[in-house]
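S.K.: My questions all concern the structure below.
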Amino acid sequence: MQLLSTASEMQVFDRLAINKFRIPGLTLMENAGRAFVDELQQRVGSVSGKNVAVVCGKGNNGGDGFVIARHLANRGATVRVLALCSKREVKGDAKANLVILLKMCAASDQSIVFHESMTFEKRPPVRAPDIIVDAVFGTGFSGSVHGAAERAIRWMNGQHSFVAAVDIASGVSATTGIVENLAVRADLTVTMGLAKIGHYAGAGREHSGDVVVAEISIPQLLFKPQRGNVFRVLGEDVTRAMPHRPLTAHKHSVGKIFVLAGSRNLTGAPTMCAQSAMRVGAGTVILGVPKSIYSTLVRKVTEVMVTPLEETSEGSISHAALDQIKQKVEWSDVVALGPGLSMNRETLQVILELLPSIDKPVVVDADGLNALAANLSPLKRRKHATILTPHVGELSRLVKKDGKRIELFRVEVAQNAARQLKSVLVLKGSPTVTGTPAGLAFVNSTGNPGMATAGAGDVLTGVIAGLLGQGMGPVEAAYAGVYIHGVAGDIGAKRYGQRSLMAMDILHHISDALKLIED
């Protein structure tokens, strides 16, 4: 797992490195600058002979920029330092590095030129730089960008240069990824010590470019996991979590899944959910649907067993089906319910009566979540693992929070909602975040905008249920299911393009995703 930090957590780590371990701040700043230039050259090749503009603020991020300018000049670049402050505004370790830089400027004005108090009201004294280094704001920034910084960022974004950000693109909140009005659009971000949540959440994803973590001598023992941590899920994490399939495996030992789904006008959702559970490796899947669509579903699926259930006049599952449903629940290892069940009042009541009685893991999606939005007590009475898979609108109804706030603070909201609902919570979106009742969060690293298509969530529900049935824990099944689902979507997008991607394309590429992960 890749541990992600908030801005305040990183500030604590920096202070501990300086105050407890006696690592001078100047050493950390020097290491950061050198590491940045090393990573920049890994990406663009030698900087010798290249024109580089280093745009610096007055804080420690600007101090890193002064170090970077020095190292770039030492490696043969022609450097222009554009400071958004006067020399007297720079304090502490940043000032010490500014003094060194100014002495170098005086000794060799052909390699480094320092421009004080750049306002960018007139055209900056740098023409068509090959590389721009953004060292304006650090990870402590939040809010809107104004004044000279705003004009500098607009200038940086308007150039046809390779843009590399120091720690985080200026204008992006390191904790949330929020961009209130403007931010640098970086091609590369070299961040120090740990990646930040804001690199992978919100608008920060589009502004960060490729993110590389640089080691700058902060003791790694400070980065130990604890309650409230946020992790980014990588392929190796999913590979390790995948259940072993013994040579003695048979269809009833690797997952018996009961899917309760569908209604008269919604036959695609149950199909995709049930088939996804099988495609991810479940041994047996029974799909319970209203009897009026039984013949349709039998023709649509082959390996999945379909059971007709009593229905309402609207063609949704009725209360009369409850005993039959409970028999299938008893047979199963895992229950998935919700896709396409409809908003029929009687059907929603069936869900509320059924949930507390299920003594095994349950994955709840779509109309199952809509039923709970009106009454959370059945959820709170459950004694076994529950995985909820809402999108922003569904979670808004569940926890009575504004959808815009959920979207802006999706990591924090997923953590808090999982604790509140005492469930593993998969908040679907960009990025999908899995929150746990223990307060952890897992940020997904796969997927693409083409997956914003009807039915993709039904596929995800089936994938998670299928992994649960094979013996994975609820947390692992949730974040691994999201990752596999995203890989399948990425493979599908490569074949069909993002605009043309459909949910069935994701389903069809689950096997390719599994092969890629397991190989």
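As shown in the structure tokens, the chain order sets the letters A, B, ...; within each chain, residues go from 1, and ligands are also counted from 1 in the order they appear.
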Give me the residues near Gly204 (chain A) as a compact mmCIF listing (two decimals) with N, CA and C atoms, in the first residue's frame, where near means some atom within 7 Å (using only C-alpha atoms) and where sequence neighbours in that chain fewer than 5 positions away do not count.
M.R.:
```
# COMPACT_ATOMS: atom_id res chain seq x y z
N VAL A 172 -3.41 23.81 -5.57
CA VAL A 172 -4.10 22.57 -5.19
C VAL A 172 -3.98 22.36 -3.69
N GLY A 177 -7.27 17.93 -2.59
CA GLY A 177 -7.23 18.03 -4.05
C GLY A 177 -8.10 19.13 -4.61
N ILE A 178 -8.71 19.94 -3.75
CA ILE A 178 -9.59 21.01 -4.20
C ILE A 178 -8.78 22.12 -4.87
N GLY A 198 -4.16 14.96 -1.91
CA GLY A 198 -4.54 15.89 -2.98
C GLY A 198 -3.96 15.58 -4.33
N HIS A 199 -2.91 14.74 -4.40
CA HIS A 199 -2.40 14.33 -5.70
C HIS A 199 -3.38 13.42 -6.43
```
S.K.: Which polymer residues have any atom within 9 Å of an atom of region 501-512 of chain A, counting only C-alpha atoms, with same-chain residues fewer than 4 positions away left out, as a ChimeraX atom specification?
M.R.: /A:272,275-276,279-280,450-460,463,484-493,495-497,516-517
S.K.: Take the selection from the previous step and output its residues with N, CA and C atoms, as an mmCIF file, in the first residue's frame.
M.R.:
```cif
data_model
loop_
_atom_site.group_PDB
_atom_site.id
_atom_site.type_symbol
_atom_site.label_atom_id
_atom_site.label_comp_id
_atom_site.auth_asym_id
_atom_site.auth_seq_id
_atom_site.Cartn_x
_atom_site.Cartn_y
_atom_site.Cartn_z
ATOM 1 N N MET A 272 -25.797 -8.276 -15.429
ATOM 2 C CA MET A 272 -24.398 -7.862 -15.301
ATOM 3 C C MET A 272 -23.842 -8.177 -13.921
ATOM 4 N N GLN A 275 -23.371 -12.152 -13.685
ATOM 5 C CA GLN A 275 -22.297 -12.642 -14.546
ATOM 6 C C GLN A 275 -20.926 -12.160 -14.062
ATOM 7 N N SER A 276 -20.857 -10.963 -13.507
ATOM 8 C CA SER A 276 -19.586 -10.449 -12.996
ATOM 9 C C SER A 276 -19.096 -11.267 -11.808
ATOM 10 N N ARG A 279 -17.615 -14.301 -13.335
ATOM 11 C CA ARG A 279 -16.407 -14.022 -14.107
ATOM 12 C C ARG A 279 -15.202 -13.756 -13.205
ATOM 13 N N VAL A 280 -15.446 -13.240 -11.999
ATOM 14 C CA VAL A 280 -14.335 -12.969 -11.092
ATOM 15 C C VAL A 280 -13.914 -14.216 -10.315
ATOM 16 N N GLY A 450 -14.307 6.940 -19.036
ATOM 17 C CA GLY A 450 -15.248 6.161 -19.845
ATOM 18 C C GLY A 450 -16.115 5.233 -19.018
ATOM 19 N N MET A 451 -15.700 4.968 -17.772
ATOM 20 C CA MET A 451 -16.467 4.070 -16.916
ATOM 21 C C MET A 451 -17.684 4.750 -16.292
ATOM 22 N N ALA A 452 -17.843 6.041 -16.577
ATOM 23 C CA ALA A 452 -19.047 6.747 -16.145
ATOM 24 C C ALA A 452 -20.176 6.397 -17.115
ATOM 25 N N THR A 453 -20.652 5.172 -16.986
ATOM 26 C CA THR A 453 -21.656 4.657 -17.920
ATOM 27 C C THR A 453 -22.629 3.753 -17.173
ATOM 28 N N ALA A 454 -23.873 3.734 -17.622
ATOM 29 C CA ALA A 454 -24.917 2.951 -16.947
ATOM 30 C C ALA A 454 -24.524 1.481 -16.882
ATOM 31 N N GLY A 455 -24.667 0.897 -15.702
ATOM 32 C CA GLY A 455 -24.396 -0.524 -15.519
ATOM 33 C C GLY A 455 -23.033 -0.833 -14.940
ATOM 34 N N ALA A 456 -22.104 0.143 -14.968
ATOM 35 C CA ALA A 456 -20.762 -0.113 -14.436
ATOM 36 C C ALA A 456 -20.817 -0.465 -12.949
ATOM 37 N N GLY A 457 -21.716 0.181 -12.219
ATOM 38 C CA GLY A 457 -21.862 -0.119 -10.793
ATOM 39 C C GLY A 457 -22.403 -1.511 -10.532
ATOM 40 N N ASP A 458 -23.275 -2.007 -11.402
ATOM 41 C CA ASP A 458 -23.801 -3.366 -11.257
ATOM 42 C C ASP A 458 -22.690 -4.396 -11.438
ATOM 43 N N VAL A 459 -21.785 -4.116 -12.369
ATOM 44 C CA VAL A 459 -20.632 -4.997 -12.568
ATOM 45 C C VAL A 459 -19.762 -5.006 -11.313
ATOM 46 N N LEU A 460 -19.530 -3.829 -10.750
ATOM 47 C CA LEU A 460 -18.704 -3.729 -9.540
ATOM 48 C C LEU A 460 -19.317 -4.510 -8.385
ATOM 49 N N VAL A 463 -18.529 -8.124 -8.872
ATOM 50 C CA VAL A 463 -17.112 -8.423 -8.661
ATOM 51 C C VAL A 463 -16.813 -8.528 -7.158
ATOM 52 N N ILE A 484 -9.775 -4.201 -9.575
ATOM 53 C CA ILE A 484 -9.969 -5.117 -10.713
ATOM 54 C C ILE A 484 -10.967 -4.523 -11.705
ATOM 55 N N HIS A 485 -12.052 -3.993 -11.189
ATOM 56 C CA HIS A 485 -13.079 -3.342 -12.008
ATOM 57 C C HIS A 485 -12.450 -2.218 -12.835
ATOM 58 N N GLY A 486 -11.565 -1.422 -12.194
ATOM 59 C CA GLY A 486 -10.903 -0.327 -12.903
ATOM 60 C C GLY A 486 -9.945 -0.814 -13.977
ATOM 61 N N VAL A 487 -9.199 -1.885 -13.684
ATOM 62 C CA VAL A 487 -8.287 -2.449 -14.691
ATOM 63 C C VAL A 487 -9.080 -2.954 -15.897
ATOM 64 N N ALA A 488 -10.195 -3.632 -15.625
ATOM 65 C CA ALA A 488 -11.042 -4.117 -16.721
ATOM 66 C C ALA A 488 -11.543 -2.953 -17.571
ATOM 67 N N GLY A 489 -11.911 -1.852 -16.903
ATOM 68 C CA GLY A 489 -12.346 -0.663 -17.635
ATOM 69 C C GLY A 489 -11.231 -0.040 -18.446
ATOM 70 N N ASP A 490 -10.015 -0.060 -17.904
ATOM 71 C CA ASP A 490 -8.871 0.494 -18.639
ATOM 72 C C ASP A 490 -8.546 -0.346 -19.870
ATOM 73 N N ILE A 491 -8.637 -1.656 -19.725
ATOM 74 C CA ILE A 491 -8.392 -2.539 -20.875
ATOM 75 C C ILE A 491 -9.466 -2.306 -21.938
ATOM 76 N N GLY A 492 -10.715 -2.205 -21.489
ATOM 77 C CA GLY A 492 -11.806 -1.946 -22.423
ATOM 78 C C GLY A 492 -11.651 -0.615 -23.143
ATOM 79 N N ALA A 493 -11.182 0.409 -22.404
ATOM 80 C CA ALA A 493 -11.007 1.731 -23.014
ATOM 81 C C ALA A 493 -9.912 1.722 -24.072
ATOM 82 N N ARG A 495 -9.284 -0.708 -25.996
ATOM 83 C CA ARG A 495 -9.811 -1.400 -27.179
ATOM 84 C C ARG A 495 -10.878 -0.576 -27.904
ATOM 85 N N TYR A 496 -11.796 0.026 -27.116
ATOM 86 C CA TYR A 496 -12.945 0.705 -27.717
ATOM 87 C C TYR A 496 -12.869 2.229 -27.646
ATOM 88 N N GLY A 497 -11.954 2.767 -26.833
ATOM 89 C CA GLY A 497 -11.950 4.200 -26.560
ATOM 90 C C GLY A 497 -12.849 4.502 -25.373
ATOM 91 N N LEU A 516 -3.877 -10.220 -15.805
ATOM 92 C CA LEU A 516 -2.826 -9.211 -15.676
ATOM 93 C C LEU A 516 -2.346 -9.101 -14.233
ATOM 94 N N ILE A 517 -3.284 -9.077 -13.293
ATOM 95 C CA ILE A 517 -2.950 -8.930 -11.873
ATOM 96 C C ILE A 517 -2.241 -10.179 -11.354
#
```
S.K.: Determine, counting only C-alpha atoms, which protein, DNA and RNA residues have an atom within 10 Å of an atom of Tyr200 (chain A); residues of the same chain fewer than 6 positions away are not included. Present the result as number ranges by chain.
M.R.: A: 4, 174-177, 206-208, 211, 232, 430-431, 443-445
S.K.: At a cut-off of 9 Å, using only C-alpha atoms, what residues contact Ile387 (chain A)? Leave out same-chain residues fewer than 5 positions from it and give the result as a list of chain:residue names.
M.R.: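 Near neighbours after the sequence-gap exclusion: A:Pro361, A:Val362, A:Val363, A:Val364, A:Asp365, A:Ser423, A:Val424, A:Leu425, A:Val426, A:Ile464, A:Pro474, A:Val475, A:Ala478.
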S.K.: Among region 189-388 of chain A, which ones does DSSP place in strand (DSSP E), written as a ChimeraX atom specification?
M.R.: /A:189-192,195-196,210-214,230-232,256-260,284-290,305-309,334-337,362-364,386-388
S.K.: If we count only C-alpha atoms, what is near region 53-65 of chain A at a cut-off of 6 Å, once residues fewer than 3 positions away on the same chain are taken out, given as a list in words?
M.R.: Met29, Gly33, Ile68, Val79, Arg80, Val81, Leu82, Ala83, Leu84, Cys85, Val90, Ala94, Ile132, Val133, Asp134, Ala135, Val136, Phe137 and Gly138 of chain A
S.K.: My list of candidates is A:Arg75, A:Lys404, A:His244, A:Arg419. Which is closest to Met472 (chain A) when distances are computed with only C-alpha atoms?
M.R.: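 Closest to Met472 (chain A) of all the choices is A:His244.
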S.K.: Quick one: residues within 6 Å of region 340-352 of chain A, only C-alpha atoms, excluding same-chain residues fewer than 6 positions away - as a VMD selection string?
M.R.: chain A and resid 261 to 263 266 269 317 to 319 367 371 378
S.K.: Expressed in Å to a single decimal, how great is the separation between CA of Ala148 (chain A) and CA of Glu116 (chain A)?
M.R.: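 If I compute the distance from CA of Ala148 (chain A) to CA of Glu116 (chain A), I get 12.0 Å.
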S.K.: Set the distance at 12 Å and use only C-alpha atoms: which residues neighbour Asp323 (chain A) once local chain neighbours fewer than 2 positions away are removed? I'd like the list as a list in words.
M.R.: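 Contacts, with the query itself left out: Leu309, Glu310, Ser318, His319, Ala320, Ala321, Ile325, Lys326, Gln327, Lys328, Val329, Glu330, Val350, Glu353, Leu354 and Ser357 of chain A.
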S.K.: With C-alpha atoms kept, could you save the residues just selected as an mmCIF file, in the first residue's frame?
M.R.:
```cif
data_model
loop_
_atom_site.group_PDB
_atom_site.id
_atom_site.type_symbol
_atom_site.label_atom_id
_atom_site.label_comp_id
_atom_site.auth_asym_id
_atom_site.auth_seq_id
_atom_site.Cartn_x
_atom_site.Cartn_y
_atom_site.Cartn_z
ATOM 1 C CA LEU A 309 -39.876 -15.009 -7.490
ATOM 2 C CA GLU A 310 -43.358 -13.750 -6.688
ATOM 3 C CA SER A 318 -43.157 -8.855 -3.678
ATOM 4 C CA HIS A 319 -43.447 -9.653 0.016
ATOM 5 C CA ALA A 320 -44.849 -13.070 -0.918
ATOM 6 C CA ALA A 321 -41.379 -14.036 -2.177
ATOM 7 C CA ILE A 325 -35.623 -15.621 -0.829
ATOM 8 C CA LYS A 326 -34.596 -16.708 2.662
ATOM 9 C CA GLN A 327 -34.082 -20.271 1.411
ATOM 10 C CA LYS A 328 -31.628 -19.026 -1.207
ATOM 11 C CA VAL A 329 -29.914 -16.825 1.371
ATOM 12 C CA GLU A 330 -29.461 -19.874 3.590
ATOM 13 C CA VAL A 350 -38.833 -6.601 1.537
ATOM 14 C CA GLU A 353 -37.125 -6.887 6.474
ATOM 15 C CA LEU A 354 -34.556 -9.139 4.844
ATOM 16 C CA SER A 357 -31.948 -11.588 9.091
#
```
S.K.: Among region 31-263 of chain A, which ones does DSSP place in helix (DSSP H, G or I), written as a ChimeraX atom specification?
M.R.: /A:31-44,60-74,87-89,92-107,147-158,197-200,204-208,220-223,235-241
S.K.: Here is a test: counting only C-alpha atoms, which residue of A:Ser142, A:Thr296, A:Thr119, A:Asn229 is nearest to Leu182 (chain A)?
M.R.: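 Result for the nearest residue to Leu182 (chain A): A:Ser142.
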S.K.: Measuring between only C-alpha atoms, which one of A:Asn51, A:Asn181, A:Thr6, A:Ser313 shows the shortest distance to Ala69 (chain A)?
M.R.: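 The closest residue to Ala69 (chain A) is A:Asn51.
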S.K.: Would you work out the distance separating CA of Gly439 (chain A) from CA of Arg15 (chain A), expressed in Å to one decimal?
M.R.: 24.9 Å
S.K.: Pick from A:Phe21, A:Tyr294, A:Val289, A:Arg70: nearest to Ile100 (chain A), with only C-alpha atoms counted?
M.R.: A:Arg70
S.K.: Between A:Gln324, A:Gly338, A:Leu355, A:Met156, which residue has the minimum interatomic distance to Leu260 (chain A), considering only C-alpha atoms?
M.R.: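 Using only C-alpha atoms, Leu260 (chain A) sits closest to A:Gly338.
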S.K.: Choose the residue, out of A:Gly235, A:Gly143, A:Gly283, A:Gly25, that has the smallest atom-to-atom separation from Lys251 (chain A); count only C-alpha atoms.
M.R.: A:Gly283
S.K.: Report, in Å to a single decimal, how far apart CA of Tyr483 (chain A) and CA of Ala417 (chain A) are.
M.R.: 20.8 Å
